[in-house]
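S.K.: To be precise about what I am sending: the file is called model.txt and holds compact mmCIF, C-alpha atoms.
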# COMPACT_ATOMS: atom_id res chain seq x y z
CA MET B 3 104.25 12.48 -61.32
CA LYS B 4 101.62 9.92 -60.38
CA LYS B 5 104.33 7.30 -59.73
CA GLU B 6 106.27 9.68 -57.52
CA PHE B 7 103.13 10.43 -55.51
CA PHE B 8 102.55 6.73 -54.74
CA ILE B 9 106.20 6.29 -53.78
CA PHE B 10 105.82 9.21 -51.37
CA LEU B 11 102.55 7.78 -50.04
CA LYS B 12 104.12 4.35 -49.43
CA ALA B 13 107.15 5.85 -47.69
CA HIS B 14 105.03 7.96 -45.36
CA VAL B 15 102.00 5.74 -44.80
CA PHE B 16 102.80 5.34 -41.08
CA THR B 17 103.08 9.09 -40.64
CA LEU B 18 99.78 9.63 -42.41
CA VAL B 19 98.04 7.05 -40.23
CA MET B 20 99.37 8.69 -37.10
CA ILE B 21 98.14 12.10 -38.30
CA CYS B 22 94.65 10.65 -38.81
CA ILE B 23 94.68 9.19 -35.28
CA LEU B 24 95.78 12.52 -33.85
CA LEU B 25 92.97 14.30 -35.67
CA LEU B 26 90.39 11.80 -34.43
CA PHE B 27 91.48 12.20 -30.85
CA SER B 28 92.51 15.86 -30.96
CA ILE B 29 90.90 16.79 -27.64
CA GLU B 30 92.56 14.01 -25.67
CA ILE B 31 95.87 14.58 -27.42
CA SER B 32 95.73 18.29 -26.66
CA LYS B 33 95.22 17.46 -22.98
CA LEU B 34 98.07 14.94 -23.09
CA GLY B 35 100.23 17.52 -24.83
CA SER B 36 99.59 20.09 -22.11
CA VAL B 37 100.51 17.54 -19.43
CA LEU B 38 103.70 16.58 -21.30
CA LEU B 39 104.53 20.27 -21.70
CA GLU B 40 104.12 20.79 -17.96
CA ILE B 41 106.44 17.86 -17.27
CA MET B 42 109.06 18.83 -19.83
CA THR B 43 109.23 22.45 -18.62
CA SER B 44 109.81 21.39 -15.02
CA LYS B 45 113.33 20.99 -13.61
CA LYS B 46 112.96 17.21 -13.34
CA GLY B 47 111.53 17.04 -16.86
CA ILE B 48 114.43 19.05 -18.31
CA LEU B 49 116.95 16.88 -16.44
CA LEU B 50 115.25 13.72 -17.73
CA PHE B 51 115.22 15.09 -21.29
CA TYR B 52 118.95 15.89 -21.33
CA SER B 53 119.81 12.59 -19.64
CA LEU B 54 117.94 10.67 -22.33
CA LEU B 55 119.51 12.85 -25.01
CA ILE B 56 123.01 12.07 -23.75
CA LEU B 57 122.19 8.37 -23.45
CA PHE B 58 120.80 8.03 -26.96
CA TYR B 59 123.59 10.13 -28.44
CA GLY B 60 126.16 7.93 -26.71
CA LEU B 61 124.50 4.80 -28.10
CA PHE B 62 124.45 6.40 -31.53
CA LEU B 63 128.20 7.11 -31.37
CA ILE B 64 128.91 3.53 -30.28
CA LEU B 65 126.78 2.11 -33.08
CA ARG B 66 128.40 4.38 -35.66
CA TYR B 67 131.87 3.36 -34.48
CA PHE B 68 131.20 -0.36 -34.91
CA VAL B 69 129.48 0.12 -38.27
CA ARG B 70 132.52 2.01 -39.58
CA LEU B 71 134.84 -0.61 -38.13
CA TYR B 72 132.87 -3.35 -39.88
CA LYS B 73 133.12 -1.55 -43.23
CA LYS B 74 136.83 -0.78 -42.82
CA LYS B 75 138.27 -3.97 -41.23
CA GLY B 76 135.59 -6.60 -41.60
CA PRO B 77 133.38 -8.62 -39.22
CA ARG B 78 136.18 -10.40 -37.33
CA ALA B 79 137.93 -7.21 -36.26
CA MET B 80 134.58 -5.64 -35.41
CA PHE B 81 133.59 -8.63 -33.27
CA ILE B 82 136.87 -8.57 -31.32
CA GLN B 83 136.53 -4.86 -30.65
CA LEU B 84 132.86 -5.30 -29.71
CA VAL B 85 133.74 -7.91 -27.09
CA THR B 86 136.84 -6.24 -25.64
CA ARG B 87 135.81 -2.59 -25.76
CA PHE B 88 132.06 -2.80 -25.20
CA LEU B 89 130.58 -6.08 -24.01
CA ALA B 90 133.32 -6.98 -21.51
CA PRO B 91 133.24 -3.57 -19.74
CA VAL B 92 129.43 -3.60 -19.72
CA PHE B 93 129.26 -7.09 -18.21
CA LEU B 94 131.96 -6.18 -15.67
CA LEU B 95 130.00 -3.08 -14.68
CA LEU B 96 126.78 -5.10 -14.36
CA PHE B 97 128.59 -7.68 -12.21
CA VAL B 98 129.96 -4.98 -9.89
CA LEU B 99 126.53 -3.33 -9.62
CA LYS B 100 124.89 -6.67 -8.87
CA LEU B 101 127.49 -7.36 -6.18
CA ILE B 102 126.84 -3.95 -4.60
CA VAL B 103 123.08 -4.54 -4.68
CA TYR B 104 123.54 -7.94 -3.06
CA GLN B 105 125.69 -6.47 -0.29
CA ASN B 106 123.15 -3.71 0.37
CA THR B 107 120.10 -5.96 0.33
CA HIS B 108 121.45 -9.00 2.14
CA GLU B 109 120.40 -8.91 5.78
CA ASN B 110 120.89 -11.40 8.57
CA PHE B 111 117.37 -11.07 9.94
CA ASP B 112 115.30 -14.19 10.40
CA TYR B 113 111.79 -12.97 11.14
CA GLN B 114 109.30 -15.60 12.31
CA TRP B 115 105.94 -14.80 10.74
CA ASN B 116 102.94 -15.14 13.06
CA TYR B 117 100.13 -16.52 10.91
CA ASP B 118 97.82 -17.07 13.87
CA VAL B 119 96.92 -13.38 14.14
CA GLU B 120 95.75 -13.05 10.56
CA ASN B 121 92.08 -12.61 9.81
CA THR B 122 90.94 -15.59 7.73
CA ASP B 123 87.35 -14.35 7.45
CA LYS B 124 86.09 -12.67 4.31
CA ASN B 125 85.33 -9.40 6.08
CA ALA B 126 87.02 -7.13 8.61
CA VAL B 127 86.32 -7.74 12.30
CA ASP B 128 85.66 -4.03 13.04
CA ARG B 129 87.28 -3.69 16.45
CA TYR B 130 86.89 0.06 15.99
CA VAL B 131 83.36 -0.09 17.41
CA LYS B 132 84.84 -1.29 20.73
CA ASP B 133 87.83 0.97 21.26
CA GLY B 134 87.62 3.69 18.58
CA LYS B 135 91.11 2.95 17.26
CA HIS B 136 91.83 3.42 13.57
CA ARG B 137 93.63 0.32 12.35
CA GLY B 138 94.56 2.10 9.16
CA MET B 139 96.60 1.68 6.03
CA SER B 140 97.45 4.14 3.28
CA VAL B 141 96.77 2.58 -0.11
CA TYR B 142 97.68 4.35 -3.32
CA GLN B 143 95.57 3.34 -6.32
CA LEU B 144 93.57 0.23 -5.58
CA GLN B 145 93.61 -1.52 -8.91
CA ARG B 146 90.30 -1.91 -10.66
CA ASN B 147 88.58 -5.28 -10.07
CA ASN B 148 91.47 -6.39 -7.83
CA TYR B 149 89.49 -7.90 -4.96
CA ALA B 150 92.53 -9.94 -3.94
CA GLN B 151 94.30 -6.73 -2.89
CA VAL B 152 91.41 -5.73 -0.63
CA SER B 153 91.30 -9.25 0.81
CA SER B 154 95.00 -9.01 1.67
CA LEU B 155 94.24 -5.86 3.67
CA VAL B 156 91.50 -7.70 5.57
CA ARG B 157 93.90 -10.55 6.29
CA ALA B 158 96.33 -8.08 7.94
CA ASN B 159 93.55 -6.88 10.32
CA ILE B 160 93.33 -3.52 8.56
CA GLU B 161 89.94 -1.89 9.18
CA TRP B 162 90.44 1.62 7.79
CA VAL B 163 91.85 2.47 4.35
CA ALA B 164 93.11 5.92 3.36
CA LEU B 165 92.53 6.72 -0.32
CA PHE B 166 94.25 9.63 -2.08
CA PRO B 167 92.66 11.61 -4.89
CA TYR B 168 95.47 13.78 -6.25
CA VAL B 169 94.98 17.39 -7.33
CA TYR B 170 97.65 18.89 -9.59
CA GLN B 171 99.37 22.25 -9.22
CA LYS B 172 102.49 23.15 -11.22
CA ASN B 173 104.60 24.58 -8.39
CA GLN B 174 104.45 26.40 -5.07
CA HIS B 175 104.10 29.79 -6.81
CA SER B 176 101.08 28.82 -8.95
CA GLU B 177 98.02 30.94 -8.28
CA GLN B 178 95.64 28.01 -8.63
CA MET B 179 95.44 24.27 -9.15
CA ASN B 180 93.42 22.13 -11.52
CA ILE B 181 89.73 22.21 -10.66
CA PRO B 182 86.89 19.82 -11.57
CA ASP B 183 84.86 20.76 -14.64
CA LYS B 184 81.83 20.82 -12.39
CA VAL B 185 81.73 20.21 -8.64
CA GLY B 186 79.88 16.98 -7.87
CA ILE B 187 79.97 15.65 -11.45
CA TRP B 188 82.25 12.62 -11.64
CA ASN B 189 84.84 12.01 -14.32
CA LYS B 190 86.44 8.66 -15.15
CA ARG B 191 89.06 8.94 -12.42
CA ASP B 192 86.38 9.85 -9.86
CA SER B 193 84.38 6.78 -10.90
CA ILE B 194 87.38 4.52 -10.26
CA LEU B 195 87.79 6.10 -6.81
CA ILE B 196 84.09 5.57 -6.03
CA GLU B 197 84.43 1.94 -7.11
CA SER B 198 87.38 1.52 -4.72
CA ILE B 199 85.36 2.99 -1.83
CA GLU B 200 82.48 0.60 -2.53
CA LYS B 201 84.89 -2.32 -2.74
CA ILE B 202 86.36 -1.48 0.68
CA HIS B 203 82.94 -1.04 2.28
CA LYS B 204 81.80 -4.43 0.98
CA LYS B 205 84.60 -5.99 3.03
CA GLY B 206 83.35 -4.33 6.22
CA MET B 207 86.15 -1.74 6.29
CA HIS B 208 85.99 2.03 6.67
CA VAL B 209 87.45 4.77 4.46
CA MET B 210 89.35 7.98 5.05
CA LEU B 211 89.25 10.14 1.91
CA LYS B 212 92.42 12.23 1.92
CA PRO B 213 92.95 14.59 -1.04
CA HIS B 214 96.61 15.39 -1.75
CA LEU B 215 97.94 18.40 -3.62
CA TRP B 216 100.67 17.21 -5.99
CA MET B 217 103.27 19.48 -7.61
CA SER B 218 105.86 19.03 -10.32
CA GLU B 219 108.19 21.33 -8.38
CA GLY B 220 108.35 22.38 -4.74
CA TRP B 221 106.39 21.23 -1.71
CA ARG B 222 102.76 21.99 -0.90
CA SER B 223 103.68 23.13 2.62
CA ASN B 224 105.72 26.01 1.17
CA ILE B 225 103.18 27.60 -1.18
CA THR B 226 104.27 31.22 -1.58
CA LEU B 227 102.09 33.86 -3.26
CA ASP B 228 102.78 37.58 -3.51
CA SER B 229 99.38 39.12 -2.82
CA GLU B 230 96.14 38.58 -0.95
CA VAL B 231 94.30 38.46 -4.28
CA ASN B 232 96.47 35.57 -5.44
CA TRP B 233 96.02 33.76 -2.13
CA ASN B 234 92.25 34.10 -2.44
CA THR B 235 92.35 32.82 -6.03
CA TRP B 236 94.38 29.84 -4.89
CA PHE B 237 92.08 29.04 -1.99
CA GLU B 238 88.97 29.24 -4.15
CA SER B 239 90.43 26.62 -6.49
CA TYR B 240 91.29 24.48 -3.47
CA ARG B 241 87.79 24.95 -2.03
CA LYS B 242 86.19 23.68 -5.23
CA ASN B 243 88.27 20.51 -5.10
CA VAL B 244 87.52 19.86 -1.44
CA MET B 245 83.79 20.43 -1.91
CA HIS B 246 83.88 18.08 -4.90
CA PHE B 247 85.35 15.30 -2.75
CA ALA B 248 83.09 16.17 0.20
CA LYS B 249 80.08 15.52 -2.03
CA MET B 250 81.65 12.25 -3.11
CA ALA B 251 82.33 11.31 0.52
CA GLU B 252 78.71 11.92 1.49
CA LEU B 253 77.38 10.04 -1.53
CA THR B 254 79.54 6.98 -0.79
CA ASN B 255 79.16 7.07 3.02
CA VAL B 256 82.86 7.70 3.62
CA GLU B 257 83.34 7.69 7.38
CA LEU B 258 86.23 10.17 7.64
CA MET B 259 87.38 12.99 5.41
CA CYS B 260 90.71 14.76 5.65
CA ILE B 261 90.19 18.35 4.50
CA GLY B 262 93.86 19.07 3.74
CA THR B 263 97.37 17.67 3.91
CA GLU B 264 100.52 19.61 4.85
CA LEU B 265 99.33 23.06 3.68
CA LYS B 266 101.18 24.98 6.35
CA SER B 267 101.64 28.33 4.56
CA SER B 268 97.94 28.47 3.65
CA VAL B 269 96.89 27.64 7.22
CA GLU B 270 99.15 30.46 8.44
CA ASN B 271 97.80 33.00 5.95
CA GLN B 272 94.16 32.00 5.56
CA LEU B 273 92.78 30.93 8.92
CA ASP B 274 89.33 32.47 8.35
CA GLN B 275 88.99 30.78 4.95
CA TRP B 276 89.79 27.41 6.50
CA LYS B 277 87.21 27.88 9.24
CA ASN B 278 84.60 28.89 6.68
CA LEU B 279 85.50 25.89 4.54
CA ILE B 280 84.96 23.52 7.47
CA THR B 281 81.53 25.06 8.09
CA GLU B 282 80.67 24.67 4.40
CA ILE B 283 81.80 21.03 4.35
CA LYS B 284 79.65 20.22 7.37
CA GLU B 285 76.58 21.49 5.54
CA ILE B 286 76.85 18.68 2.96
CA TYR B 287 78.97 15.99 4.67
CA SER B 288 77.82 14.09 7.75
CA GLY B 289 80.96 12.06 8.50
CA LYS B 290 83.93 12.92 10.71
CA LEU B 291 86.64 15.41 9.79
CA THR B 292 90.35 15.86 10.32
CA TYR B 293 93.27 17.81 8.85
CA ALA B 294 96.73 16.27 8.26
CA ALA B 295 99.28 18.66 9.80
CA ASN B 296 102.96 17.98 9.39
CA TRP B 297 104.94 16.73 12.40
CA ASP B 298 107.51 19.56 12.44
CA GLY B 299 105.48 22.16 14.32
CA GLU B 300 102.53 22.68 11.99
CA PHE B 301 100.14 20.82 14.29
CA ASP B 302 100.95 23.35 17.04
CA MET B 303 99.87 26.32 14.92
CA VAL B 304 96.60 24.97 13.50
CA ASP B 305 93.84 27.00 15.13
CA PHE B 306 90.75 25.10 14.01
CA TRP B 307 91.20 21.74 15.76
CA ASP B 308 88.13 22.51 17.86
CA GLN B 309 86.00 22.34 14.68
CA LEU B 310 87.29 18.87 13.76
CA ASP B 311 86.90 15.39 15.21
CA TYR B 312 90.59 14.43 15.25
CA ILE B 313 93.91 16.22 15.48
CA GLY B 314 95.57 14.71 12.41
CA ILE B 315 99.36 14.47 12.24
CA GLN B 316 101.75 13.30 9.54
CA ALA B 317 103.86 11.50 12.12
CA TYR B 318 107.30 11.28 10.53
CA PHE B 319 109.01 12.21 13.79
CA PRO B 320 112.80 11.70 14.00
CA LEU B 321 113.40 8.96 16.56
CA THR B 322 117.14 8.25 16.58
CA GLU B 323 120.41 9.87 15.58
CA ASN B 324 122.13 6.58 14.81
CA LYS B 325 121.85 4.07 12.01
CA ASN B 326 120.68 0.53 12.69
CA PRO B 327 119.16 1.23 16.16
CA ASP B 328 117.71 -1.37 18.50
CA LEU B 329 114.14 -1.41 19.83
CA ALA B 330 114.96 0.30 23.13
CA MET B 331 116.67 3.20 21.36
CA ILE B 332 113.72 3.76 19.03
CA LYS B 333 111.22 3.64 21.91
CA GLN B 334 113.24 6.20 23.83
CA GLY B 335 113.07 8.51 20.81
CA TRP B 336 109.30 8.76 21.17
CA ASP B 337 109.39 10.27 24.69
CA VAL B 338 109.94 13.90 23.72
CA HIS B 339 107.26 13.73 21.02
CA ILE B 340 104.70 12.04 23.25
CA GLU B 341 104.95 14.91 25.72
CA LYS B 342 104.00 17.42 22.99
CA LEU B 343 101.23 15.20 21.65
CA GLU B 344 99.64 14.77 25.06
CA SER B 345 99.79 18.51 25.61
CA ILE B 346 97.93 19.45 22.42
CA SER B 347 95.38 16.66 22.94
CA LYS B 348 94.57 18.07 26.39
CA LYS B 349 94.45 21.64 25.06
CA TYR B 350 91.70 20.86 22.55
CA HIS B 351 90.31 17.77 24.29
CA LYS B 352 90.57 15.89 20.99
CA PRO B 353 92.11 12.50 20.16
CA ILE B 354 95.20 12.45 17.97
CA LEU B 355 95.18 10.46 14.75
CA PHE B 356 98.37 9.69 12.82
CA THR B 357 97.09 10.38 9.30
CA GLU B 358 100.41 9.00 8.05
CA VAL B 359 103.33 7.23 9.67
CA GLY B 360 105.95 5.19 7.86
CA TYR B 361 109.54 4.05 7.63
CA ARG B 362 111.79 3.37 4.68
CA ASN B 363 113.37 -0.05 4.27
CA ASP B 364 116.92 0.98 5.19
CA ILE B 365 119.09 1.20 8.32
CA GLU B 366 118.63 5.01 8.51
CA ALA B 367 114.82 4.89 8.49
CA THR B 368 114.38 6.28 12.02
CA ILE B 369 116.75 9.25 11.57
CA LYS B 370 114.73 11.20 8.99
CA PRO B 371 111.61 9.13 8.31
CA TRP B 372 110.09 11.84 6.10
CA GLU B 373 112.78 11.53 3.43
CA TRP B 374 112.01 9.54 0.31
CA GLY B 375 114.57 7.24 -1.21
CA SER B 376 115.83 7.45 -4.76
CA PRO B 377 116.14 4.81 -7.49
CA LEU B 378 119.89 4.77 -6.78
CA SER B 379 119.59 4.36 -2.99
CA ILE B 380 120.10 0.65 -3.30
CA LEU B 381 123.66 1.32 -4.54
CA PHE B 382 124.85 3.36 -1.55
CA LYS B 383 122.48 2.68 1.35
CA LYS B 384 122.12 -0.54 3.33
CA GLN B 385 118.59 -1.87 2.94
CA SER B 386 116.73 -3.38 5.89
CA SER B 387 113.37 -4.95 6.67
CA LYS B 388 114.35 -5.21 10.35
CA ILE B 389 114.52 -1.47 11.11
CA PRO B 390 111.00 -0.56 9.88
CA HIS B 391 109.70 -3.64 11.72
CA LEU B 392 111.32 -2.40 14.95
CA ALA B 393 110.06 1.14 14.30
CA TYR B 394 106.45 -0.05 14.06
CA GLN B 395 106.94 -2.23 17.12
CA ALA B 396 108.21 0.79 19.07
CA LEU B 397 105.33 2.93 17.84
CA PHE B 398 102.69 0.50 19.06
CA GLU B 399 104.41 -0.28 22.37
CA LYS B 400 104.64 3.42 23.21
CA LEU B 401 101.30 4.69 21.86
CA TRP B 402 98.69 2.01 21.22
CA HIS B 403 97.20 2.04 24.73
CA LYS B 404 97.30 5.82 25.17
CA GLU B 405 93.85 7.22 25.84
CA TRP B 406 94.35 10.14 23.44
CA PHE B 407 95.79 8.06 20.60
CA ALA B 408 93.15 7.36 17.94
CA GLY B 409 95.30 5.04 15.82
CA CYS B 410 97.29 5.43 12.64
CA TYR B 411 97.49 5.00 8.89
CA ALA B 412 100.72 3.25 7.94
CA TRP B 413 102.43 4.58 4.82
CA GLN B 414 102.09 2.71 2.64
CA TRP B 415 100.85 -0.70 1.57
CA ASN B 416 102.38 -1.08 -1.87
CA SER B 417 105.22 1.46 -1.89
CA SER B 418 108.74 0.69 -3.04
CA ASP B 419 110.32 3.22 -0.64
CA PHE B 420 108.11 2.50 2.40
CA PRO B 421 107.13 -1.12 1.77
CA ILE B 422 104.71 -2.92 4.07
CA LYS B 423 103.01 -5.64 2.06
CA LYS B 424 104.78 -9.00 2.39
CA THR B 425 107.40 -7.61 4.79
CA PRO B 426 107.86 -8.15 8.55
CA SER B 427 106.22 -4.73 9.02
CA GLU B 428 102.96 -6.14 7.67
CA ASN B 429 102.94 -8.90 10.26
CA THR B 430 103.96 -6.53 13.07
CA ILE B 431 101.05 -4.24 12.17
CA ALA B 432 98.69 -7.23 11.89
CA ILE B 433 99.69 -8.42 15.37
CA TRP B 434 98.93 -5.07 16.99
CA TYR B 435 95.79 -4.46 14.96
CA SER B 436 94.46 -7.82 16.16
CA GLN B 437 94.50 -6.57 19.75
CA ASN B 438 91.75 -4.60 21.43
CA SER B 439 93.09 -1.49 23.06
CA ALA B 440 92.93 -1.43 26.85
CA THR B 441 91.64 2.14 26.73
CA THR B 442 88.92 4.01 24.91
CA LEU B 443 89.25 7.39 23.30
CA LEU B 444 88.56 10.76 24.84
CA GLU B 445 84.91 11.72 24.78
CA GLU B 446 84.38 14.31 22.08
Could you spell out this file's structure in structure tokens?
M.R.:
Amino acid sequence: MKKEFFIFLKAHVFTLVMICILLLFSIEISKLGSVLLEIMTSKKGILLFYSLLILFYGLFLILRYFVRLYKKKGPRAMFIQLVTRFLAPVFLLLFVLKLIVYQNTHENFDYQWNYDVENTDKNAVDRYVKDGKHRGMSVYQLQRNNYAQVSSLVRANIEWVALFPYVYQKNQHSEQMNIPDKVGIWNKRDSILIESIEKIHKKGMHVMLKPHLWMSEGWRSNITLDSEVNWNTWFESYRKNVMHFAKMAELTNVELMCIGTELKSSVENQLDQWKNLITEIKEIYSGKLTYAANWDGEFDMVDFWDQLDYIGIQAYFPLTENKNPDLAMIKQGWDVHIEKLESISKKYHKPILFTEVGYRNDIEATIKPWEWGSPLSILFKKQSSKIPHLAYQALFEKLWHKEWFAGCYAWQWNSSDFPIKKTPSENTIAIWYSQNSATTLLEE
């Protein structure tokens, strides 16, 4: 009996060690388990689970086939079958995929980089004090202790950085989102964010703190709740998060805070709560305020612009109907939008700030700029660094010297779908950000 026990112990030593680790870190594991459960019960999580299940089952069947072949006919027969029935088709498929990728990524575009406009000083120039323009960039997750990344932003004449603390909500029907354990008490993730803010300030740059509501399913603009009680519960959880970040913004001297991003259905249903929230924020935060309304009509319906410093717009306006447009075509696409923007700026006598604007790296980027790519886009869509470069060029030529235009935050620095860093778009932005605007902003 004793011998059998030790055999069992030896066979399951790894399992026993893992159980001990789980017991030691039960709290963290329980939190991780709840997050994994949220992911696995979502539509994307279920799809991922079954995809992996099919993949691993297919590999199991292949392995079993060749093991049986080896036992029945020997290594030579198995090797021949392995090459002809498995390796050859796999390598052929990989070759075809690589050829498709090459065709879709190869572009006859010889961009001449202008190094003369780059800022070679250690700190930002801060042209904002002269013309009030936000020379902004959206940056997701500044890596800890990565001063080189901040220096690369300075080199591109970027003077404002938008940082995004994410708040999680399961879907658009959830009655509330995750809330901080205690408002104004920082957790580990908050501490990393504070460190990033301090890092940016040390380089002479400014910060826009822009909380984003993130969902596993649905879109934050379409939150749908079935009663006023549920709406109030939801807004109270949102209020706690915003007040948490407002306290952080005041503590760290953040110059601009965005109080919400693309929350159209809430703005429609809870106007009084939003106005009260703005008043509450102003009691503890002394910086400037904006709200990031979506481009497709939401900015027209927001009724509290007069309480804010900027009319903030997620500026993913459609600019062309054709693929692979030239500069003149893209510029022409701005005309209808500029008319609306000028109208709302005059109505509230407030400058307009593009809280986001960006373009994918493909030839269709100006048709529906708001659409994200997919990991498989590279197999069926022609990639391009020229089109986003032209799109930014058109944006600046049409808007940069407008009196009501407060600047923009390009989306985003280190994205795979909307890449800017080390692309012609970076240099185009750097060129325009190096210029002083010929006009100053509207008096507030």
S.K.: What does the distance between atom CA of B:Val359 and atom CA of B:Lys333 come to in Å, to one decimal place?
M.R.: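 Spanning atom CA of B:Val359 to atom CA of B:Lys333 is a straight-line distance of 15.0 Å.
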S.K.: May I have a table of the residues of stretch 321-403 of chain B lying at most 10 Å from stretch 85-104 of chain B, giving each one's closest pair of atoms and their distance in Å to one decimal, counting all atoms listed in the file, ordered by chain and ascending residue number, as JSON lines?
M.R.:
{"residue": "B:Ser379", "atom": "CA", "partner": "B:Val103", "partner_atom": "CA", "distance": 9.7}
{"residue": "B:Ile380", "atom": "CA", "partner": "B:Val103", "partner_atom": "CA", "distance": 6.1}
{"residue": "B:Leu381", "atom": "CA", "partner": "B:Val103", "partner_atom": "CA", "distance": 5.9}
{"residue": "B:Phe382", "atom": "CA", "partner": "B:Ile102", "partner_atom": "CA", "distance": 8.2}
{"residue": "B:Lys383", "atom": "CA", "partner": "B:Val103", "partner_atom": "CA", "distance": 9.4}
{"residue": "B:Lys384", "atom": "CA", "partner": "B:Val103", "partner_atom": "CA", "distance": 9.0}
{"residue": "B:Gln385", "atom": "CA", "partner": "B:Val103", "partner_atom": "CA", "distance": 9.2}
S.K.: Those same residues - C-alpha atoms - I'd like them written as a CSV table (one decimal), in the frame of the given file.
M.R.:
chain,number,residue,atom,x,y,z
B,379,SER,CA,119.6,4.4,-3.0
B,380,ILE,CA,120.1,0.6,-3.3
B,381,LEU,CA,123.7,1.3,-4.5
B,382,PHE,CA,124.8,3.4,-1.6
B,383,LYS,CA,122.5,2.7,1.4
B,384,LYS,CA,122.1,-0.5,3.3
B,385,GLN,CA,118.6,-1.9,2.9
S.K.: What's the separation between atom CA of B:Lys212 and atom CA of B:Phe166, in Å to one decimal place?
M.R.: 5.1 Å
S.K.: Please identify all polymer residues within 12 Å of B:Lys352, counting only C-alpha atoms, omitting same-chain residues fewer than 2 positions from it, and present them as number ranges by chain.
M.R.: B: 291-292, 306-314, 343-350, 354-355, 405-408, 443-446
S.K.: Please list as JSON, numbers by chain every residue within 12 Å of stretch 187-194 of chain B, counting only C-alpha atoms and excluding residues in the same chain fewer than 2 positions away.
M.R.: {"B": [143, 144, 145, 146, 147, 148, 165, 166, 167, 168, 169, 181, 182, 183, 184, 185, 196, 197, 198, 199, 200, 201, 213, 242, 243, 245, 246, 247, 249, 250, 251, 253, 254]}
S.K.: At what distance in Å, to one decimal, does atom CA of B:Met210 lie from atom CA of B:Glu257?
M.R.: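 Taking atom CA of B:Glu257 and atom CA of B:Met210, their separation equals 6.5 Å.
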S.K.: Near B:Glu285, within 12 Å and counting all atoms listed in the file, which residues show up once chain neighbours fewer than 4 positions away are dropped, as number ranges by chain?
M.R.: B: 245, 248-249, 252, 278-281, 289
S.K.: So, with all atoms listed in the file as the atoms that count, which of B:Glu358, B:Glu109, B:Asp364, B:Glu264 lies closest to B:Glu300?
M.R.: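 Looking at the shortest contact to B:Glu300, the residue is B:Glu264.
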S.K.: Identify the residues around (109.8, -14.0, 9.8) within a radius of 12 Å, measuring from all atoms listed in the file in the coordinates stated by the file, and give them as a list in words.
M.R.: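 I get Asn110, Phe111, Asp112, Tyr113, Gln114, Trp115, Asn116, Tyr117, Ser387, Lys388, His391, Lys424, Thr425, Pro426, Ser427, Glu428, Asn429 and Thr430 of chain B for the residues within 12 Å of that point.
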S.K.: For stretch 215-217 of chain B, list every protein, DNA or RNA residue within 12 Å, evaluated using all atoms listed in the file, and leave out those in the same chain fewer than 3 positions away; present the list as a ChimeraX atom specification.
M.R.: /B:40-41,44-46,166-176,178-181,212,220-225,239-240,243-244,261-265
S.K.: Please dump the current selection as a short mmCIF file (atom, residue, chain, number, x, y, z; two decimals), in the coordinates of the input; keep C-alpha atoms.
M.R.:
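Output contents, as saved in part-v2.cif:
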data_model
loop_
_atom_site.label_atom_id
_atom_site.label_comp_id
_atom_site.auth_asym_id
_atom_site.auth_seq_id
_atom_site.Cartn_x
_atom_site.Cartn_y
_atom_site.Cartn_z
CA GLU B 40 104.12 20.79 -17.96
CA ILE B 41 106.44 17.86 -17.27
CA SER B 44 109.81 21.39 -15.02
CA LYS B 45 113.33 20.99 -13.61
CA LYS B 46 112.96 17.21 -13.34
CA PHE B 166 94.25 9.63 -2.08
CA PRO B 167 92.66 11.61 -4.89
CA TYR B 168 95.47 13.78 -6.25
CA VAL B 169 94.98 17.39 -7.33
CA TYR B 170 97.65 18.89 -9.59
CA GLN B 171 99.37 22.25 -9.22
CA LYS B 172 102.49 23.15 -11.22
CA ASN B 173 104.60 24.58 -8.39
CA GLN B 174 104.45 26.40 -5.07
CA HIS B 175 104.10 29.79 -6.81
CA SER B 176 101.08 28.82 -8.95
CA GLN B 178 95.64 28.01 -8.63
CA MET B 179 95.44 24.27 -9.15
CA ASN B 180 93.42 22.13 -11.52
CA ILE B 181 89.73 22.21 -10.66
CA LYS B 212 92.42 12.23 1.92
CA GLY B 220 108.35 22.38 -4.74
CA TRP B 221 106.39 21.23 -1.71
CA ARG B 222 102.76 21.99 -0.90
CA SER B 223 103.68 23.13 2.62
CA ASN B 224 105.72 26.01 1.17
CA ILE B 225 103.18 27.60 -1.18
CA SER B 239 90.43 26.62 -6.49
CA TYR B 240 91.29 24.48 -3.47
CA ASN B 243 88.27 20.51 -5.10
CA VAL B 244 87.52 19.86 -1.44
CA ILE B 261 90.19 18.35 4.50
CA GLY B 262 93.86 19.07 3.74
CA THR B 263 97.37 17.67 3.91
CA GLU B 264 100.52 19.61 4.85
CA LEU B 265 99.33 23.06 3.68
#
S.K.: Just want the 10 Å neighbourhood of B:Asn416, counted on only C-alpha atoms, with same-chain residues fewer than 5 positions away dropped. Output as a PyMOL selection string.
M.R.: chain B and resi 140-144+151+421-424
S.K.: Output C-alpha atoms of each residue in that selection to a file, as a JSON list (two decimals), in the coordinates of the input.
M.R.:
[["chain", "number", "residue", "atom", "x", "y", "z"],
["B", 140, "SER", "CA", 97.45, 4.14, 3.28],
["B", 141, "VAL", "CA", 96.77, 2.58, -0.11],
["B", 142, "TYR", "CA", 97.68, 4.35, -3.32],
["B", 143, "GLN", "CA", 95.57, 3.34, -6.32],
["B", 144, "LEU", "CA", 93.57, 0.23, -5.58],
["B", 151, "GLN", "CA", 94.30, -6.73, -2.89],
["B", 421, "PRO", "CA", 107.13, -1.12, 1.77],
["B", 422, "ILE", "CA", 104.71, -2.92, 4.07],
["B", 423, "LYS", "CA", 103.01, -5.64, 2.06],
["B", 424, "LYS", "CA", 104.78, -9.00, 2.39]]
